[in-house]
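Colleague: Below you'll find the structure I mean.
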Amino acid sequence: MKDREAAYLAGIIDGEGSITLTRMHDKEHRRPCITIASTDLELLEYLKSLTNGHITKKKNYRPARHQNSFTLTIKTKNQVLDILKFVLPF
């Protein structure tokens, strides 16, 4: 990942995303997780190419009023820690 890509990713995580400790299974320790929610699928596709995350579509209960929304999730502990190391200076 280049410096400008890491800086861009840091800004997106800061503005639209979250970094949490999440328990994926009941009898498991918490692990770091990065999630970014957006209505812009192209943005999430680009970030997926940088991070190897997973994109899911959220359920839209009122399509006449709301746009479709998507979430990029990065759950693998080593992957999350590597990304955080890259974006830490920014």
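Letters A, B, ... go to the chains of the structure tokens in the order shown; residues in each chain start at 1; ligands are counted from 1 in the same order.
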So which residues touch A:Gly11 within 9 Å, counting only C-alpha atoms, skipping near sequence neighbours fewer than 5 positions away, as a PDB file with N, CA and C atoms, in the first residue's frame?
Modeller:
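Output (selection-v1.pdb):
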```pdb
ATOM      1  N   ALA A   6      -2.690   4.803   1.996  1.00  0.00           N
ATOM      2  CA  ALA A   6      -2.818   4.623   3.444  1.00  0.00           C
ATOM      3  C   ALA A   6      -3.438   5.863   4.084  1.00  0.00           C
ATOM      4  N   GLU A  16     -15.907   7.686   8.248  1.00  0.00           N
ATOM      5  CA  GLU A  16     -17.056   6.822   7.984  1.00  0.00           C
ATOM      6  C   GLU A  16     -16.993   5.476   8.686  1.00  0.00           C
ATOM      7  N   VAL A  87      -1.750   2.804   8.487  1.00  0.00           N
ATOM      8  CA  VAL A  87      -2.460   4.077   8.593  1.00  0.00           C
ATOM      9  C   VAL A  87      -2.118   4.861   9.856  1.00  0.00           C
ATOM     10  N   PHE A  90      -0.891   8.539   9.755  1.00  0.00           N
ATOM     11  CA  PHE A  90      -1.786   9.516   9.151  1.00  0.00           C
ATOM     12  C   PHE A  90      -2.969   9.805  10.037  1.00  0.00           C
TER      13      PHE A  90
END
```
Colleague: I'd like the contact shell of stretch 46-62 of chain A - 12 Å cut-off, only C-alpha atoms, skipping same-chain residues fewer than 3 positions apart - returned as a ChimeraX atom specification.
Modeller: /A:1-2,4-6,8-13,17,33-43,65-84,86-87
Colleague: List every residue of chain A that DSSP, applied to the backbone, labels as strand (DSSP E), and write the result as a ChimeraX atom specification.
Modeller: /A:17-22,31-38,54-57,70-74
Colleague: Could you give me, as number ranges by chain, each residue of chain A that DSSP assigns to helix (DSSP H, G or I) when run on this structure's backbone?
Modeller: A: 3-16, 41-51, 77-87
Colleague: Excluding A:Arg31 and residues on its chain fewer than 5 positions from it, collect all residues at most 7 Å away from it, counting only C-alpha atoms, and give them as a PyMOL selection string.
Modeller: chain A and resi 21-23+77
Colleague: Mind dumping the selected residues with N, CA and C atoms as a PDB file, in the first residue's frame?
Modeller:
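Writing the result to out_38.pdb gives the following:
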```
ATOM      1  N   LEU A  21     -13.379  -3.952  18.983  1.00  0.00           N
ATOM      2  CA  LEU A  21     -13.027  -5.311  19.395  1.00  0.00           C
ATOM      3  C   LEU A  21     -14.316  -6.110  19.380  1.00  0.00           C
ATOM      4  N   THR A  22     -14.360  -7.142  18.568  1.00  0.00           N
ATOM      5  CA  THR A  22     -15.593  -7.873  18.342  1.00  0.00           C
ATOM      6  C   THR A  22     -15.389  -9.356  18.624  1.00  0.00           C
ATOM      7  N   ARG A  23     -16.376  -9.967  19.225  1.00  0.00           N
ATOM      8  CA  ARG A  23     -16.367 -11.408  19.442  1.00  0.00           C
ATOM      9  C   ARG A  23     -17.168 -12.044  18.313  1.00  0.00           C
ATOM     10  N   LYS A  77      -7.514 -10.909  12.280  1.00  0.00           N
ATOM     11  CA  LYS A  77      -6.699 -10.178  13.253  1.00  0.00           C
ATOM     12  C   LYS A  77      -5.409  -9.648  12.633  1.00  0.00           C
TER      13      LYS A  77
END
```
